[in-house]
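Engineer: Please find my_file10.pdb (PDB, C-alpha atoms) on the next line:
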ATOM      1  CA  THR A  77      -0.152   0.485  18.301
ATOM      2  CA  LEU A  78      -2.344   0.543  15.211
ATOM      3  CA  VAL A  79      -6.143   0.534  15.216
ATOM      4  CA  GLY A  80      -8.058  -1.407  12.592
ATOM      5  CA  TYR A  81     -11.589  -2.570  11.836
ATOM      6  CA  LEU A  82     -13.017  -5.656  10.158
ATOM      7  CA  TYR A  83     -16.009  -5.057   7.903
ATOM      8  CA  GLU A  84     -18.171  -7.934   6.711
ATOM      9  CA  ASN A  85     -21.724  -8.771   5.703
ATOM     10  CA  PRO A  86     -22.917 -11.817   7.702
ATOM     11  CA  GLU A  87     -25.659 -12.507   5.157
ATOM     12  CA  VAL A  88     -23.186 -13.167   2.327
ATOM     13  CA  GLN A  89     -20.859 -16.143   1.986
ATOM     14  CA  LYS A  90     -17.242 -15.082   2.555
ATOM     15  CA  LYS A  91     -14.941 -15.247  -0.488
ATOM     16  CA  ALA A  92     -11.730 -13.579   0.676
ATOM     17  CA  VAL A  93     -10.203 -10.922   2.909
ATOM     18  CA  VAL A  94      -9.204  -7.526   1.518
ATOM     19  CA  VAL A  95      -6.534  -5.825   3.629
ATOM     20  CA  PHE A  96      -6.862  -2.146   2.718
ATOM     21  CA  ALA A  97      -3.997   0.374   2.929
ATOM     22  CA  HIS A  98      -5.073   4.025   2.822
ATOM     23  CA  GLY A  99      -3.522   7.103   1.233
ATOM     24  CA  PHE A 100      -1.017   9.441   2.907
ATOM     25  CA  GLY A 101      -2.485  11.239   5.902
ATOM     26  CA  ALA A 102      -6.045  10.109   5.242
ATOM     27  CA  GLY A 103      -6.659   7.361   7.785
ATOM     28  CA  GLY A 104      -8.010   3.914   7.002
ATOM     29  CA  GLN A 105     -11.727   4.597   7.371
ATOM     30  CA  ARG A 106     -12.270   8.161   6.111
ATOM     31  CA  GLY A 107     -13.524   8.384   2.580
ATOM     32  CA  TYR A 108     -13.462   4.646   1.921
ATOM     33  CA  MET A 109     -16.723   3.427   3.487
ATOM     34  CA  ASP A 110     -18.565   3.240   0.158
ATOM     35  CA  LEU A 111     -15.834   0.942  -1.150
ATOM     36  CA  PHE A 112     -15.899  -1.234   1.973
ATOM     37  CA  ASP A 113     -19.691  -1.503   1.776
ATOM     38  CA  TYR A 114     -19.510  -2.467  -1.913
ATOM     39  CA  LEU A 115     -16.945  -5.197  -1.209
ATOM     40  CA  ALA A 116     -18.722  -6.532   1.892
ATOM     41  CA  LYS A 117     -21.984  -6.927  -0.007
ATOM     42  CA  ARG A 118     -20.120  -9.100  -2.517
ATOM     43  CA  GLY A 119     -18.619 -11.479   0.026
ATOM     44  CA  TYR A 120     -15.316  -9.799   0.814
ATOM     45  CA  CYS A 121     -14.302  -9.129   4.403
ATOM     46  CA  VAL A 122     -12.352  -5.871   4.591
ATOM     47  CA  PHE A 123      -9.660  -5.300   7.199
ATOM     48  CA  ALA A 124      -8.822  -1.580   7.226
ATOM     49  CA  TYR A 125      -6.402   0.029   9.657
ATOM     50  CA  ASP A 126      -5.107   3.499  10.430
ATOM     51  CA  ALA A 127      -1.379   3.769   9.716
ATOM     52  CA  THR A 128       1.035   5.296  12.230
ATOM     53  CA  GLY A 129       0.123   8.892  13.078
ATOM     54  CA  ASN A 130      -3.325   8.662  11.472
ATOM     55  CA  ASP A 131      -6.732   8.929  13.136
ATOM     56  CA  GLU A 132      -6.985   6.373  15.962
ATOM     57  CA  SER A 133      -3.523   4.799  15.662
ATOM     58  CA  GLU A 134      -0.626   5.871  17.845
ATOM     59  CA  GLY A 135       2.213   8.074  16.674
ATOM     60  CA  GLU A 136       2.344  11.845  16.547
ATOM     61  CA  VAL A 137       3.750  11.921  13.007
ATOM     62  CA  ILE A 138       3.605   9.606  10.023
ATOM     63  CA  GLY A 139       7.374   9.661   9.631
ATOM     64  CA  GLY A 140       8.206   8.695   6.062
ATOM     65  CA  LEU A 141       6.802   6.702   3.162
ATOM     66  CA  PRO A 142       8.421   3.371   4.200
ATOM     67  CA  GLN A 143       6.364   3.528   7.425
ATOM     68  CA  GLY A 144       3.339   2.556   5.323
ATOM     69  CA  ILE A 145       5.049  -0.668   4.208
ATOM     70  CA  ILE A 146       6.006  -1.483   7.803
ATOM     71  CA  ASP A 147       2.473  -0.853   9.076
ATOM     72  CA  LEU A 148       0.944  -3.003   6.333
ATOM     73  CA  ASP A 149       3.388  -5.826   7.066
ATOM     74  CA  TYR A 150       2.267  -5.855  10.709
ATOM     75  CA  ALA A 151      -1.412  -5.384   9.813
ATOM     76  CA  ILE A 152      -1.313  -8.490   7.602
ATOM     77  CA  ASP A 153       0.384 -10.491  10.360
ATOM     78  CA  TYR A 154      -2.341  -9.396  12.776
ATOM     79  CA  ALA A 155      -5.190 -10.098  10.347
ATOM     80  CA  TYR A 156      -3.972 -13.701  10.038
ATOM     81  CA  THR A 157      -4.743 -14.160  13.751
ATOM     82  CA  LEU A 158      -8.430 -13.184  13.452
ATOM     83  CA  GLU A 159     -10.660 -16.254  13.806
ATOM     84  CA  GLU A 160     -13.498 -14.688  11.801
ATOM     85  CA  ILE A 161     -11.401 -14.743   8.640
ATOM     86  CA  SER A 162      -9.175 -17.739   9.307
ATOM     87  CA  GLY A 163      -8.493 -19.826   6.216
ATOM     88  CA  LEU A 164      -9.728 -17.246   3.704
ATOM     89  CA  PRO A 165      -7.441 -16.091   0.872
ATOM     90  CA  PHE A 166      -5.879 -12.663   1.372
ATOM     91  CA  VAL A 167      -6.030  -9.832  -1.169
ATOM     92  CA  LEU A 168      -4.318  -6.466  -0.726
ATOM     93  CA  MET A 169      -5.725  -3.165  -1.958
ATOM     94  CA  GLY A 170      -4.197   0.268  -1.549
ATOM     95  CA  TYR A 171      -4.597   3.823  -2.747
ATOM     96  CA  SER A 172      -1.654   6.206  -3.374
ATOM     97  CA  TRP A 173       0.643   5.687  -0.340
ATOM     98  CA  GLY A 174      -1.308   2.472   0.166
ATOM     99  CA  GLY A 175      -0.721   1.567  -3.498
ATOM    100  CA  LEU A 176       3.018   1.853  -2.871
ATOM    101  CA  SER A 177       2.653  -0.216   0.298
ATOM    102  CA  VAL A 178       0.602  -3.121  -1.104
ATOM    103  CA  ALA A 179       3.031  -3.662  -3.984
ATOM    104  CA  ASN A 180       6.168  -3.321  -1.844
ATOM    105  CA  VAL A 181       4.919  -5.550   0.972
ATOM    106  CA  LEU A 182       4.958  -8.496  -1.458
ATOM    107  CA  ASN A 183       8.659  -8.659  -0.587
ATOM    108  CA  TYR A 184       7.588  -9.791   2.890
ATOM    109  CA  HIS A 185       4.228 -11.443   2.112
ATOM    110  CA  PRO A 186       4.564 -13.253  -1.229
ATOM    111  CA  GLU A 187       1.764 -15.614  -0.211
ATOM    112  CA  VAL A 188      -1.108 -13.162  -0.814
ATOM    113  CA  LYS A 189      -3.381 -14.134  -3.698
ATOM    114  CA  ALA A 190      -3.861 -10.761  -5.380
ATOM    115  CA  VAL A 191      -2.963  -7.078  -5.192
ATOM    116  CA  VAL A 192      -4.860  -4.017  -6.404
ATOM    117  CA  ALA A 193      -2.588  -0.954  -6.435
ATOM    118  CA  VAL A 194      -4.372   2.327  -7.188
ATOM    119  CA  ALA A 195      -2.176   5.373  -7.978
ATOM    120  CA  GLY A 196       0.862   3.810  -6.328
ATOM    121  CA  CYS A 197       4.553   3.982  -7.160
ATOM    122  CA  ASN A 198       7.471   1.579  -7.471
ATOM    123  CA  ARG A 199       9.648   2.864  -4.638
ATOM    124  CA  THR A 200       9.627   5.660  -2.118
ATOM    125  CA  LEU A 201      12.639   7.493  -3.538
ATOM    126  CA  ASP A 202      10.990   7.802  -6.969
ATOM    127  CA  LEU A 203       8.171   9.815  -5.451
ATOM    128  CA  ILE A 204      10.492  11.873  -3.241
ATOM    129  CA  GLU A 205      12.604  12.810  -6.266
ATOM    130  CA  TYR A 206       9.557  13.712  -8.355
ATOM    131  CA  GLN A 207       8.086  15.929  -5.636
ATOM    132  CA  GLY A 208      11.514  17.485  -5.046
ATOM    133  CA  ARG A 209      11.898  18.364  -8.744
ATOM    134  CA  GLU A 210       8.443  19.946  -8.724
ATOM    135  CA  ARG A 211       9.512  22.261  -5.902
ATOM    136  CA  ALA A 212      13.261  22.791  -6.399
ATOM    137  CA  GLY A 213      13.938  21.848 -10.009
ATOM    138  CA  LYS A 214      17.088  19.935 -10.946
ATOM    139  CA  ALA A 215      18.707  20.808  -7.612
ATOM    140  CA  ALA A 216      16.530  18.102  -6.015
ATOM    141  CA  LYS A 217      18.773  15.469  -7.620
ATOM    142  CA  LEU A 218      21.646  16.630  -5.405
ATOM    143  CA  LEU A 219      19.660  15.808  -2.262
ATOM    144  CA  MET A 220      18.696  12.257  -3.274
ATOM    145  CA  PRO A 221      21.787  10.529  -1.773
ATOM    146  CA  PHE A 222      20.957  12.165   1.564
ATOM    147  CA  ALA A 223      17.300  11.125   1.311
ATOM    148  CA  ALA A 224      18.354   7.547   0.528
ATOM    149  CA  ALA A 225      20.797   7.447   3.459
ATOM    150  CA  TYR A 226      18.179   8.840   5.839
ATOM    151  CA  GLU A 227      15.606   6.248   4.794
ATOM    152  CA  TRP A 228      18.112   3.410   5.203
ATOM    153  CA  MET A 229      19.085   4.604   8.684
ATOM    154  CA  LYS A 230      15.494   5.009   9.824
ATOM    155  CA  TYR A 231      13.698   2.132   8.065
ATOM    156  CA  GLY A 232      16.355  -0.443   7.191
ATOM    157  CA  ARG A 233      15.270  -3.150   4.746
ATOM    158  CA  TYR A 234      11.880  -1.527   4.154
ATOM    159  CA  ALA A 235      13.589   1.519   2.616
ATOM    160  CA  GLY A 236      15.234  -0.588  -0.069
ATOM    161  CA  SER A 237      12.176  -2.487  -1.248
ATOM    162  CA  THR A 238      10.509  -1.894  -4.601
ATOM    163  CA  ALA A 239       7.215  -2.928  -6.131
ATOM    164  CA  MET A 240       9.099  -4.498  -9.035
ATOM    165  CA  ASP A 241      10.991  -6.739  -6.599
ATOM    166  CA  GLY A 242       7.691  -7.548  -4.883
ATOM    167  CA  PHE A 243       6.060  -8.589  -8.161
ATOM    168  CA  ALA A 244       9.051 -10.807  -8.984
ATOM    169  CA  ASN A 245       8.911 -12.306  -5.480
ATOM    170  CA  SER A 246       5.239 -13.341  -5.682
ATOM    171  CA  ASN A 247       2.974 -15.367  -7.941
ATOM    172  CA  CYS A 248      -0.083 -13.299  -7.033
ATOM    173  CA  ASP A 249      -2.392 -11.623  -9.525
ATOM    174  CA  VAL A 250      -1.784  -7.870  -9.816
ATOM    175  CA  MET A 251      -4.107  -5.100 -10.988
ATOM    176  CA  ILE A 252      -2.625  -1.628 -11.520
ATOM    177  CA  ILE A 253      -4.986   1.363 -11.729
ATOM    178  CA  HIS A 254      -3.448   4.779 -12.404
ATOM    179  CA  GLY A 255      -4.684   7.993 -13.976
ATOM    180  CA  ALA A 256      -2.436   9.518 -16.644
ATOM    181  CA  ARG A 257      -3.132  13.050 -15.337
ATOM    182  CA  ASP A 258      -2.174  12.274 -11.724
ATOM    183  CA  THR A 259       0.078  15.125 -10.551
ATOM    184  CA  VAL A 260       0.676  13.797  -7.025
ATOM    185  CA  VAL A 261       1.929  10.339  -8.002
ATOM    186  CA  PRO A 262       2.732  10.488 -11.727
ATOM    187  CA  ILE A 263       2.442   7.355 -13.843
ATOM    188  CA  SER A 264       6.193   7.575 -14.517
ATOM    189  CA  CYS A 265       6.773   6.544 -10.877
ATOM    190  CA  GLY A 266       4.499   3.508 -11.091
ATOM    191  CA  TYR A 267       2.435   2.364 -14.043
ATOM    192  CA  GLU A 268       5.015   3.184 -16.740
ATOM    193  CA  THR A 269       7.747   1.378 -14.790
ATOM    194  CA  TYR A 270       5.583  -1.740 -14.518
ATOM    195  CA  PHE A 271       4.376  -1.570 -18.123
ATOM    196  CA  GLU A 272       7.932  -1.404 -19.442
ATOM    197  CA  LYS A 273       8.586  -4.894 -18.065
ATOM    198  CA  TYR A 274       5.179  -6.550 -18.011
ATOM    199  CA  GLY A 275       3.305  -4.859 -20.844
ATOM    200  CA  GLU A 276      -0.262  -6.184 -21.027
ATOM    201  CA  ASP A 277       0.545  -9.105 -18.680
TER     202      ASP A 277
END
Will you turn the file into structure tokens for me?
Structural biologist:
Amino acid sequence: TLVGYLYENPEVQKKAVVVFAHGFGAGGQRGYMDLFDYLAKRGYCVFAYDATGNDESEGEVIGGLPQGIIDLDYAIDYAYTLEEISGLPFVLMGYSWGGLSVANVLNYHPEVKAVVAVAGCNRTLDLIEYQGRERAGKAAKLLMPFAAAYEWMKYGRYAGSTAMDGFANSNCDVMIIHGARDTVVPISCGYETYFEKYGED
């Protein structure tokens, strides 16, 4: 069971719903309140949840990166049932792990109107390989088939999704924000992959 909160400003006319996906191990509310307040004051309702194994949500461990895509998929489904935001357009926004999740979940929710992916990556295995190379050098490449098999066994279709497939599957507007000096999620795993196909589009 996941725990989430809906933030809104009743004095401002509602424009849209922002479903927010947080970074790895951070929880959906910690460190993001200034952003939620900024958006709420401008007419956006924000639905933010704690992913599996974070803060108030159930689960003793996060598991793996595809768990974020699964949790977001279910969080969107749940948010659609909330009467307070019924009929409003949905926008997704995510940071780091959440940036991966919001782009990948387009494979399952192509109907969303827009996505803002901050410091995200194209697919989970890209990030696993990068982090592996940082720690074990070229030997990390030898472990990638095992990592891929494990993810498929544990997460099924979610393990095989990519942001690039999600973009192709949806007509939504996409904004990519990524710092060139990011050493946790390098731009080679996200921004550069997207730019190679889409350029300035």
Engineer: If you apply the PyMOL selection byres ((chain A and resi 153-161) around 12) to this file, what residues do you get, as a ChimeraX atom specification?
Structural biologist: /A:77-86,89-96,119-125,146-152,162-168,181,184-185,187-188
Engineer: Let me make sure I understand: among A:Asn245, A:Ser237, A:Asn183, A:Asn198, which one has the smallest atom-to-atom distance to A:Glu268 if we use only C-alpha atoms?
Structural biologist: A:Asn198
Engineer: Could you pull out every residue with an atom within 10 Å of (7.8, 2.8, 3.4), file coordinates, counting all atoms listed in the file, and send them as a ChimeraX atom specification?
Structural biologist: /A:139-148,173-174,176-177,180-181,199-201,227,231-238
Engineer: Please determine, counting all atoms listed in the file, which residue among A:Ala193, A:Met109, A:Cys248, A:Ala216 has the shortest atom-to-atom distance to A:Tyr270.
Structural biologist: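 Among the listed residues, A:Ala193 lies closest to A:Tyr270.
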Engineer: Rank A:Leu115, A:Ile252, A:Val260, A:Ala179 by their smallest atom-to-atom distance to A:Leu203, using all atoms listed in the file, and report the top residue only.
Structural biologist: A:Val260
Engineer: Up to 10 Å from (6.3, 8.8, -11.3) in the file's coordinates: name the residues, counting only C-alpha atoms, as a PDB file with C-alpha atoms, in the frame of the given file.
Structural biologist:
ATOM      1  CA  ALA A 195      -2.176   5.373  -7.978  1.00  0.00           C
ATOM      2  CA  GLY A 196       0.862   3.810  -6.328  1.00  0.00           C
ATOM      3  CA  CYS A 197       4.553   3.982  -7.160  1.00  0.00           C
ATOM      4  CA  ASN A 198       7.471   1.579  -7.471  1.00  0.00           C
ATOM      5  CA  ARG A 199       9.648   2.864  -4.638  1.00  0.00           C
ATOM      6  CA  ASP A 202      10.990   7.802  -6.969  1.00  0.00           C
ATOM      7  CA  LEU A 203       8.171   9.815  -5.451  1.00  0.00           C
ATOM      8  CA  ILE A 204      10.492  11.873  -3.241  1.00  0.00           C
ATOM      9  CA  GLU A 205      12.604  12.810  -6.266  1.00  0.00           C
ATOM     10  CA  TYR A 206       9.557  13.712  -8.355  1.00  0.00           C
ATOM     11  CA  GLN A 207       8.086  15.929  -5.636  1.00  0.00           C
ATOM     12  CA  ASP A 258      -2.174  12.274 -11.724  1.00  0.00           C
ATOM     13  CA  THR A 259       0.078  15.125 -10.551  1.00  0.00           C
ATOM     14  CA  VAL A 260       0.676  13.797  -7.025  1.00  0.00           C
ATOM     15  CA  VAL A 261       1.929  10.339  -8.002  1.00  0.00           C
ATOM     16  CA  PRO A 262       2.732  10.488 -11.727  1.00  0.00           C
ATOM     17  CA  ILE A 263       2.442   7.355 -13.843  1.00  0.00           C
ATOM     18  CA  SER A 264       6.193   7.575 -14.517  1.00  0.00           C
ATOM     19  CA  CYS A 265       6.773   6.544 -10.877  1.00  0.00           C
ATOM     20  CA  GLY A 266       4.499   3.508 -11.091  1.00  0.00           C
ATOM     21  CA  TYR A 267       2.435   2.364 -14.043  1.00  0.00           C
ATOM     22  CA  GLU A 268       5.015   3.184 -16.740  1.00  0.00           C
ATOM     23  CA  THR A 269       7.747   1.378 -14.790  1.00  0.00           C
TER      24      THR A 269
END
